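Visitor: The following block contains the structure, expressed as structure tokens.
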Amino acid sequence: MKKVIEGSHAVSEAVRLVKAEVISAYPITPQTHIVELLSEYCATGVMKARFLRVESEHSALAALIGASTAGARTFTATSSQGLAYMHELIHWTAGARLPIVMAVVNRALAPGWNIWTEQTDTLSQRDTGWLQFYCEDGQEALDTTVMAYKLAEQVNLPVMVVLDAFFLSHTYEPVDIPDPDQVDSFLPPFEPKFQLDPLNPCAFNQLSPPNVYMEMRYSMHESSLYALRAYQDIEKEFQDIFGRAYGVVEAVMCDDAEIIMVTSGTVTSTCRLLIEELRASGERVGLLKIKVFRPFPAEQVIDALRNAKKICVIDRNISFGSMGIFAQEIRASFCNESLKPQIFGFIAGLGGRDITVDTLKEIYFTAKENEHPERPDIWVNLNTEVLS
Amino acid sequence: MGTAAEVLKDFKGFNMKNIPTEELLSPGHRACQGCVEILGLRLALKAIGKDVIVASATGCMEIVTSPFPQTAWRVPWIHVAFENAAAVISGVEAAYKALIRKGKIEDKKVVFLAYGGDGGTADIGLQALSGALERGHDFVYLCLDNEAYMNTGIQRSSSTPYGAMTTTSPPGKKSIGQSTWKKNLPAIVAAHGIPYVATASPAYPVDLMNKVKKAATVPGPAYVHIYSTCPTGWRHDSSIAIEVAKMAVATNVFPLYEVIDGEWKLSRKNPKPKPVREYLKMQRRFRHLTDDEIAKIQARVDAEWKTLLERCGESPEAAKDKDE
């Protein structure tokens, strides 16, 4: 059934459909709408979940670690400072191999105090073992959340479903909300292999000396790599039932493109407009949207980009002292390729600053008019008055 | 009569003749000789029985019972970091309620037990504990108080008593040792208005087991603060660990009491308290204290005892009248 709903509520609907059993959350803007609706669903009996109104994000995840180990399907959501506060347990969740799904609404980290969108909060969690999926619109947020449970429970790793603040979380769009029976047929109930059960006592998260720790980490890494293929299979199954698929990356008019724009999240939609406009005026431009960031789909990225002359990576994030984080990943992916395009890295839209079609056009022509990037990170539209 | 008191009306306790012989925390763990902390934990498990799920904070008890591929636990056990045993057990309890409601697991009484040391409870874990108490989960929390961070090598916590030597509160020309008074954690917990709070000591094992059993019996959150002598950290011979624990009660340094539905009740009235000096001189962590400092500690112990008697509705004279 199609309904016009907020991006945040698209996630809430998915959590209702997967029949999450324990939800715990702590309020933080701009995530709150997700859990507000879930709270209402629990209060009115639409959902049978236990909803824990915990005293912090740290405890939100701690409670889910307990609940997931006890055999419940779980959900939480957070942003920015809340995610940073969870950090210790972000590592823990993945190390404990728990299929927890968390929506993160990207928000800039303080100071300066800023509630608007930026990806540095989630991208700085990239080495924790969580799988990370970046969404472009409300439909994708809903579908990705449903698929995230299936994947997490298959590979025993947690998943972050990532949404841009306001541009996605607070934007109303028509979203096709699947039929509960169809979701049931797609996603079986959560049946963990081991759980906290007095009839079959097990110890979880023991002291693990050097003779076993490294193998535990290797196994996490292997599962994380395997998750890319598993996700593709799951998406095929999803497509058969619901008729929609996204791909780990999406290449738009890349085959003959000389310059390819690389985006993630809502900037992708803006870029789609630019591509249409530039193609109409004869520019050979393409677009690569990266949906899956962890595991990083290096092979798919190289395949899509290898024939272009120049690549424009748009990073709404910054790794200080290095460059934009998507640009890092793409440069690293190409390092052993004999033929590689010039890779331009652009930093744009930090702290919620608008990225418009004009911003992207400026980026495109910067790449077109320069043979090489002048530096690995080109900052777009810096206001010199503020800097001085 | 409050909820807890109502439930405990026909409470049947343990005595020396009916203590369960089954060891749910098995021998062979790696606790130090004379460790009273693990004794308290072992007795607590005997009191609860095997229908339990245990959440452990990081600390001595986690380390000594769990080196992979071994475990001393014969009941389900989960360790999740240092500060969050109470949050973890609240998630486990919520999962059980949700799964029972869905008919995915059998509806039978399981005790949800979390424990932490004094650091994991009074310091880094206080927020998570307060949150879980306030939310009213049905769980038991044990604070195993050995009065310092023993697992990391005897550093002071907010539960370390005044004057004690630890590796981060060493006495010296400009230091008395621990310079602050011990945080009154049971009173802080009781201020949450939960159904059951108690202090207990493994030197009084039947009293301890009965309190843990009551904690597990009442609906809602319950808390037992267990005095846990640590020969390694307190610098006394392991053979006198229980004597030290008894002396703590005899000198009113660690009084035993319960708070049921907000009603405070002394477990031992102690009409003839021994001088605090008798307790301090057993332990090398207090060896540097001067007579003046000992007098200061005595005055503090007397004042706290007086406050406790008032909370329990006992006049100091009445407490002297009869000994339970």
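Following the order of the structure tokens, chains are lettered A, B, ..., residues in each are numbered from 1, and ligands are numbered from 1.
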So that I can check the surroundings of Val54 (chain A), please list as a PyMOL selection string every protein, DNA and RNA residue that reaches within 7 Å of it, counting only C-alpha atoms and ignoring chain neighbours fewer than 3 positions away.

Guide: (chain A and resi 24-26+59-60) or (chain B and resi 131)

Visitor: Using N, CA and C atoms, can you write the selected residues to a file as a short mmCIF file (atom, residue, chain, number, x, y, z; two decimals), in the first residue's frame?

Guide:
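This is the output file result.cif:
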```cif
data_model
loop_
_atom_site.label_atom_id
_atom_site.label_comp_id
_atom_site.auth_asym_id
_atom_site.auth_seq_id
_atom_site.Cartn_x
_atom_site.Cartn_y
_atom_site.Cartn_z
N SER A 24 15.09 -0.55 22.07
CA SER A 24 15.48 0.36 23.15
C SER A 24 16.09 1.58 22.51
N ALA A 25 15.82 2.73 23.08
CA ALA A 25 16.31 3.95 22.45
C ALA A 25 16.35 5.11 23.43
N TYR A 26 17.16 6.06 23.07
CA TYR A 26 17.32 7.30 23.82
C TYR A 26 17.13 8.44 22.82
N SER A 59 23.41 2.51 27.15
CA SER A 59 22.54 1.46 27.69
C SER A 59 21.55 0.95 26.65
N ALA A 60 21.20 1.80 25.68
CA ALA A 60 20.30 1.34 24.60
C ALA A 60 20.92 0.14 23.90
N GLY B 131 19.28 3.61 35.90
CA GLY B 131 18.29 3.51 34.83
C GLY B 131 17.48 2.23 34.93
#
```

Visitor: Restrict the calculation to only C-alpha atoms, then for each residue of chain B with any atom at most 8 Å from an atom of chain A give the closest atom pair and their distance in Å to one decimal, rows by chain and rising residue number, as a tab-separated table.

Guide:
```
residue	atom	partner	partner_atom	distance
B:Lys50	CA	A:Pro198	CA	6.9
B:Asp51	CA	A:Pro198	CA	5.6
B:Val52	CA	A:Pro198	CA	6.2
B:Ile53	CA	A:Pro198	CA	6.7
B:Glu62	CA	A:Gln206	CA	7.8
B:Ile63	CA	A:Leu207	CA	6.2
B:Ser66	CA	A:Gln206	CA	5.2
B:Pro67	CA	A:Leu207	CA	4.6
B:Phe68	CA	A:Ser208	CA	5.4
B:Thr71	CA	A:Ala203	CA	7.0
B:Trp73	CA	A:Ala203	CA	7.2
B:Arg74	CA	A:Pro201	CA	6.3
B:Val75	CA	A:Pro201	CA	4.9
B:Pro76	CA	A:Pro201	CA	4.1
B:Trp77	CA	A:Ala203	CA	4.8
B:Ile78	CA	A:Phe204	CA	4.7
B:His79	CA	A:Asn205	CA	5.4
B:Val80	CA	A:Asn205	CA	6.9
B:Asn84	CA	A:Ala62	CA	6.4
B:Ala87	CA	A:Ala63	CA	5.0
B:Val88	CA	A:Ala63	CA	4.4
B:Ile89	CA	A:Gly66	CA	6.2
B:Ser90	CA	A:Ala63	CA	6.0
B:Gly91	CA	A:Ala63	CA	3.9
B:Val92	CA	A:Ala67	CA	4.4
B:Glu93	CA	A:Ala67	CA	7.5
B:Ala94	CA	A:Arg50	CA	6.1
B:Ala95	CA	A:Ala67	CA	4.9
B:Tyr96	CA	A:Ala70	CA	7.2
B:Lys97	CA	A:Arg50	CA	7.6
B:Ala98	CA	A:Glu21	CA	5.9
B:Leu99	CA	A:Ala72	CA	7.0
B:Arg101	CA	A:Lys48	CA	7.9
B:Lys102	CA	A:Lys48	CA	7.9
B:Gln127	CA	A:Glu55	CA	7.6
B:Ala128	CA	A:Ser59	CA	6.3
B:Gly131	CA	A:Glu55	CA	5.4
B:Ala132	CA	A:Val54	CA	7.8
B:Arg135	CA	A:Arg53	CA	7.9
```

Visitor: Neighbours of region 217-219 of chain B within 9 Å (only C-alpha atoms; same-chain residues fewer than 4 positions away dropped), as a PyMOL selection string?

Guide: chain B and resi 3-5+7-8+11+111+137-139+195-196+212-213

Visitor: Write out, as an mmCIF file, in the first residue's frame, the residues just selected, with all heavy atoms.

Guide:
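Wrote it out as again_38.cif, contents follow:
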```cif
data_model
loop_
_atom_site.group_PDB
_atom_site.id
_atom_site.type_symbol
_atom_site.label_atom_id
_atom_site.label_comp_id
_atom_site.auth_asym_id
_atom_site.auth_seq_id
_atom_site.Cartn_x
_atom_site.Cartn_y
_atom_site.Cartn_z
ATOM 1 N N THR B 3 4.204 -4.293 48.462
ATOM 2 C CA THR B 3 4.230 -5.460 47.569
ATOM 3 C C THR B 3 5.257 -6.496 48.003
ATOM 4 O O THR B 3 4.972 -7.686 48.095
ATOM 5 C CB THR B 3 4.600 -5.012 46.143
ATOM 6 O OG1 THR B 3 4.114 -3.708 45.946
ATOM 7 C CG2 THR B 3 4.052 -5.947 45.112
ATOM 8 N N ALA B 4 6.477 -6.000 48.287
ATOM 9 C CA ALA B 4 7.550 -6.929 48.637
ATOM 10 C C ALA B 4 7.228 -7.625 49.955
ATOM 11 O O ALA B 4 7.360 -8.853 50.082
ATOM 12 C CB ALA B 4 8.871 -6.187 48.724
ATOM 13 N N ALA B 5 6.784 -6.833 50.938
ATOM 14 C CA ALA B 5 6.462 -7.409 52.253
ATOM 15 C C ALA B 5 5.375 -8.463 52.113
ATOM 16 O O ALA B 5 5.419 -9.528 52.748
ATOM 17 C CB ALA B 5 6.020 -6.301 53.200
ATOM 18 N N VAL B 7 4.690 -10.330 49.476
ATOM 19 C CA VAL B 7 5.256 -11.529 48.848
ATOM 20 C C VAL B 7 6.129 -12.299 49.833
ATOM 21 O O VAL B 7 6.196 -13.533 49.798
ATOM 22 C CB VAL B 7 6.072 -11.119 47.591
ATOM 23 C CG1 VAL B 7 6.859 -12.299 47.037
ATOM 24 C CG2 VAL B 7 5.152 -10.563 46.513
ATOM 25 N N LEU B 8 6.788 -11.570 50.736
ATOM 26 C CA LEU B 8 7.737 -12.216 51.656
ATOM 27 C C LEU B 8 7.074 -12.684 52.957
ATOM 28 O O LEU B 8 7.750 -13.201 53.846
ATOM 29 C CB LEU B 8 8.885 -11.246 51.984
ATOM 30 C CG LEU B 8 9.781 -10.858 50.801
ATOM 31 C CD1 LEU B 8 10.794 -9.809 51.227
ATOM 32 C CD2 LEU B 8 10.479 -12.083 50.209
ATOM 33 N N PHE B 11 7.784 -16.178 53.643
ATOM 34 C CA PHE B 11 9.120 -16.526 53.153
ATOM 35 C C PHE B 11 9.747 -17.644 53.982
ATOM 36 O O PHE B 11 9.776 -17.591 55.210
ATOM 37 C CB PHE B 11 10.021 -15.283 53.194
ATOM 38 C CG PHE B 11 11.436 -15.555 52.751
ATOM 39 C CD1 PHE B 11 11.738 -15.683 51.408
ATOM 40 C CD2 PHE B 11 12.460 -15.696 53.687
ATOM 41 C CE1 PHE B 11 13.042 -15.927 50.996
ATOM 42 C CE2 PHE B 11 13.769 -15.949 53.282
ATOM 43 C CZ PHE B 11 14.053 -16.069 51.943
ATOM 44 N N VAL B 111 15.230 -16.206 37.155
ATOM 45 C CA VAL B 111 15.765 -15.056 37.882
ATOM 46 C C VAL B 111 16.804 -14.370 37.003
ATOM 47 O O VAL B 111 17.690 -15.026 36.453
ATOM 48 C CB VAL B 111 16.382 -15.493 39.226
ATOM 49 C CG1 VAL B 111 17.021 -14.295 39.937
ATOM 50 C CG2 VAL B 111 15.319 -16.137 40.100
ATOM 51 N N HIS B 137 12.656 -3.071 36.033
ATOM 52 C CA HIS B 137 12.825 -4.454 35.548
ATOM 53 C C HIS B 137 12.818 -5.435 36.720
ATOM 54 O O HIS B 137 13.220 -5.094 37.832
ATOM 55 C CB HIS B 137 14.151 -4.594 34.793
ATOM 56 C CG HIS B 137 14.197 -3.795 33.541
ATOM 57 N ND1 HIS B 137 13.627 -4.220 32.367
ATOM 58 C CD2 HIS B 137 14.717 -2.571 33.280
ATOM 59 C CE1 HIS B 137 13.817 -3.296 31.439
ATOM 60 N NE2 HIS B 137 14.475 -2.290 31.966
ATOM 61 N N ASP B 138 12.396 -6.669 36.427
ATOM 62 C CA ASP B 138 12.386 -7.695 37.466
ATOM 63 C C ASP B 138 13.766 -8.355 37.487
ATOM 64 O O ASP B 138 14.027 -9.288 36.739
ATOM 65 C CB ASP B 138 11.294 -8.730 37.142
ATOM 66 C CG ASP B 138 11.101 -9.703 38.285
ATOM 67 O OD1 ASP B 138 11.637 -9.454 39.385
ATOM 68 O OD2 ASP B 138 10.422 -10.729 38.082
ATOM 69 N N PHE B 139 14.669 -7.829 38.299
ATOM 70 C CA PHE B 139 16.027 -8.378 38.338
ATOM 71 C C PHE B 139 16.661 -8.184 39.706
ATOM 72 O O PHE B 139 16.167 -7.415 40.530
ATOM 73 C CB PHE B 139 16.905 -7.747 37.242
ATOM 74 C CG PHE B 139 17.379 -6.336 37.527
ATOM 75 C CD1 PHE B 139 18.726 -6.068 37.755
ATOM 76 C CD2 PHE B 139 16.484 -5.281 37.552
ATOM 77 C CE1 PHE B 139 19.180 -4.768 38.013
ATOM 78 C CE2 PHE B 139 16.922 -3.981 37.805
ATOM 79 C CZ PHE B 139 18.273 -3.723 38.035
ATOM 80 N N PRO B 195 11.639 -2.296 45.613
ATOM 81 C CA PRO B 195 11.029 -3.130 46.672
ATOM 82 C C PRO B 195 12.010 -3.686 47.706
ATOM 83 O O PRO B 195 11.652 -3.843 48.866
ATOM 84 C CB PRO B 195 10.397 -4.287 45.891
ATOM 85 C CG PRO B 195 10.347 -3.870 44.472
ATOM 86 C CD PRO B 195 11.397 -2.831 44.268
ATOM 87 N N TYR B 196 13.242 -3.986 47.275
ATOM 88 C CA TYR B 196 14.114 -4.686 48.223
ATOM 89 C C TYR B 196 15.574 -4.263 48.080
ATOM 90 O O TYR B 196 16.127 -4.307 46.977
ATOM 91 C CB TYR B 196 14.012 -6.208 48.010
ATOM 92 C CG TYR B 196 14.735 -6.999 49.080
ATOM 93 C CD1 TYR B 196 14.134 -7.257 50.309
ATOM 94 C CD2 TYR B 196 16.043 -7.447 48.868
ATOM 95 C CE1 TYR B 196 14.805 -7.953 51.306
ATOM 96 C CE2 TYR B 196 16.715 -8.149 49.862
ATOM 97 C CZ TYR B 196 16.095 -8.399 51.070
ATOM 98 O OH TYR B 196 16.757 -9.087 52.059
ATOM 99 N N VAL B 212 19.490 -12.888 49.452
ATOM 100 C CA VAL B 212 19.508 -13.052 47.990
ATOM 101 C C VAL B 212 18.220 -13.748 47.541
ATOM 102 O O VAL B 212 17.622 -13.382 46.519
ATOM 103 C CB VAL B 212 20.764 -13.829 47.533
ATOM 104 C CG1 VAL B 212 20.675 -14.172 46.053
ATOM 105 C CG2 VAL B 212 22.029 -13.022 47.820
ATOM 106 N N LYS B 213 17.786 -14.715 48.317
ATOM 107 C CA LYS B 213 16.543 -15.411 47.946
ATOM 108 C C LYS B 213 15.335 -14.457 48.003
ATOM 109 O O LYS B 213 14.466 -14.488 47.126
ATOM 110 C CB LYS B 213 16.310 -16.614 48.857
ATOM 111 C CG LYS B 213 15.210 -17.533 48.343
ATOM 112 C CD LYS B 213 15.047 -18.787 49.143
ATOM 113 C CE LYS B 213 13.862 -19.593 48.600
ATOM 114 N NZ LYS B 213 13.507 -20.692 49.491
#
```

Visitor: If we count only C-alpha atoms, what is near Asn151 (chain B) at a cut-off of 12 Å, once residues fewer than 3 positions away on the same chain are taken out, given as a PyMOL selection string?

Guide: chain B and resi 31-32+37+57-64+82+116-120+146-148+154-156+230+232-233

Visitor: Find the spatial neighbours of region 280-294 of chain B, counting only C-alpha atoms, within a cut-off of 6 Å - ignore same-chain residues fewer than 2 positions away - and output them as a list in words.

Guide: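 Result of the neighbour search: Ala164, Met165, Trp234, Arg235, His236, Arg277, Glu278, Lys296 and Ile297 of chain B.
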
Visitor: For region 307-318 of chain B, work out the shell of residues within 9 Å, counting only C-alpha atoms and skipping chain neighbours fewer than 2 positions away, then give it as number ranges by chain.

Guide: B: 255, 257, 259, 263-266, 269, 271, 302-305, 320-322

Visitor: Measure the distance from CA of Ile275 (chain A) to CA of Gln342 (chain A) in Å and round it to one decimal.

Guide: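 For CA of Ile275 (chain A) relative to CA of Gln342 (chain A), the distance reads 19.4 Å.
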
Visitor: DSSP says alpha helix (DSSP H) for which residues of region 92-326 of chain A? Put them as a ChimeraX atom specification?

Guide: /A:92-95,120-123,138-155,180-186,210-242,267-280,298-305,325-326

Visitor: Based on the backbone DSSP call, show me all residues of region 196-350 of chain A assigned strand (DSSP E), as a VMD selection string.

Guide: chain A and resid 203 to 204 249 to 252 259 to 263 285 to 290 292 to 294 310 to 315 342 to 347

Visitor: Mind checking which residues fall within 6 Å of region 177-183 of chain A, counting only C-alpha atoms, ignoring those fewer than 6 positions away in the same chain, and posting them as a list of chain:residue names?

Guide: A:Met1, A:Lys2, A:Leu17

Visitor: With N, CA, C and O atoms retained, write the just-selected residues as an mmCIF file, in the first residue's frame.

Guide:
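Saved the output as result_25.cif:
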```
data_model
loop_
_atom_site.group_PDB
_atom_site.id
_atom_site.type_symbol
_atom_site.label_atom_id
_atom_site.label_comp_id
_atom_site.auth_asym_id
_atom_site.auth_seq_id
_atom_site.Cartn_x
_atom_site.Cartn_y
_atom_site.Cartn_z
ATOM 1 N N MET A 1 0.834 -1.189 0.000
ATOM 2 C CA MET A 1 0.000 0.000 0.000
ATOM 3 C C MET A 1 0.875 1.246 0.000
ATOM 4 O O MET A 1 1.776 1.363 0.817
ATOM 5 N N LYS A 2 0.576 2.172 -0.925
ATOM 6 C CA LYS A 2 1.386 3.394 -0.984
ATOM 7 C C LYS A 2 0.840 4.432 -0.034
ATOM 8 O O LYS A 2 -0.363 4.683 0.019
ATOM 9 N N LEU A 17 7.120 -4.253 10.520
ATOM 10 C CA LEU A 17 6.908 -5.400 9.628
ATOM 11 C C LEU A 17 7.808 -6.589 9.970
ATOM 12 O O LEU A 17 7.408 -7.735 9.790
#
```

Visitor: Figure out the distance between CA of Val313 (chain A) and CA of Asn383 (chain A), please, to one decimal in Å.

Guide: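 Spanning CA of Asn383 (chain A) to CA of Val313 (chain A) is a straight-line distance of 20.9 Å.
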
Visitor: For Ile363 (chain A), which residue among A:Ala152, A:Met220, A:Val262, A:Leu142 is the nearest when counting only C-alpha atoms?

Guide: A:Val262
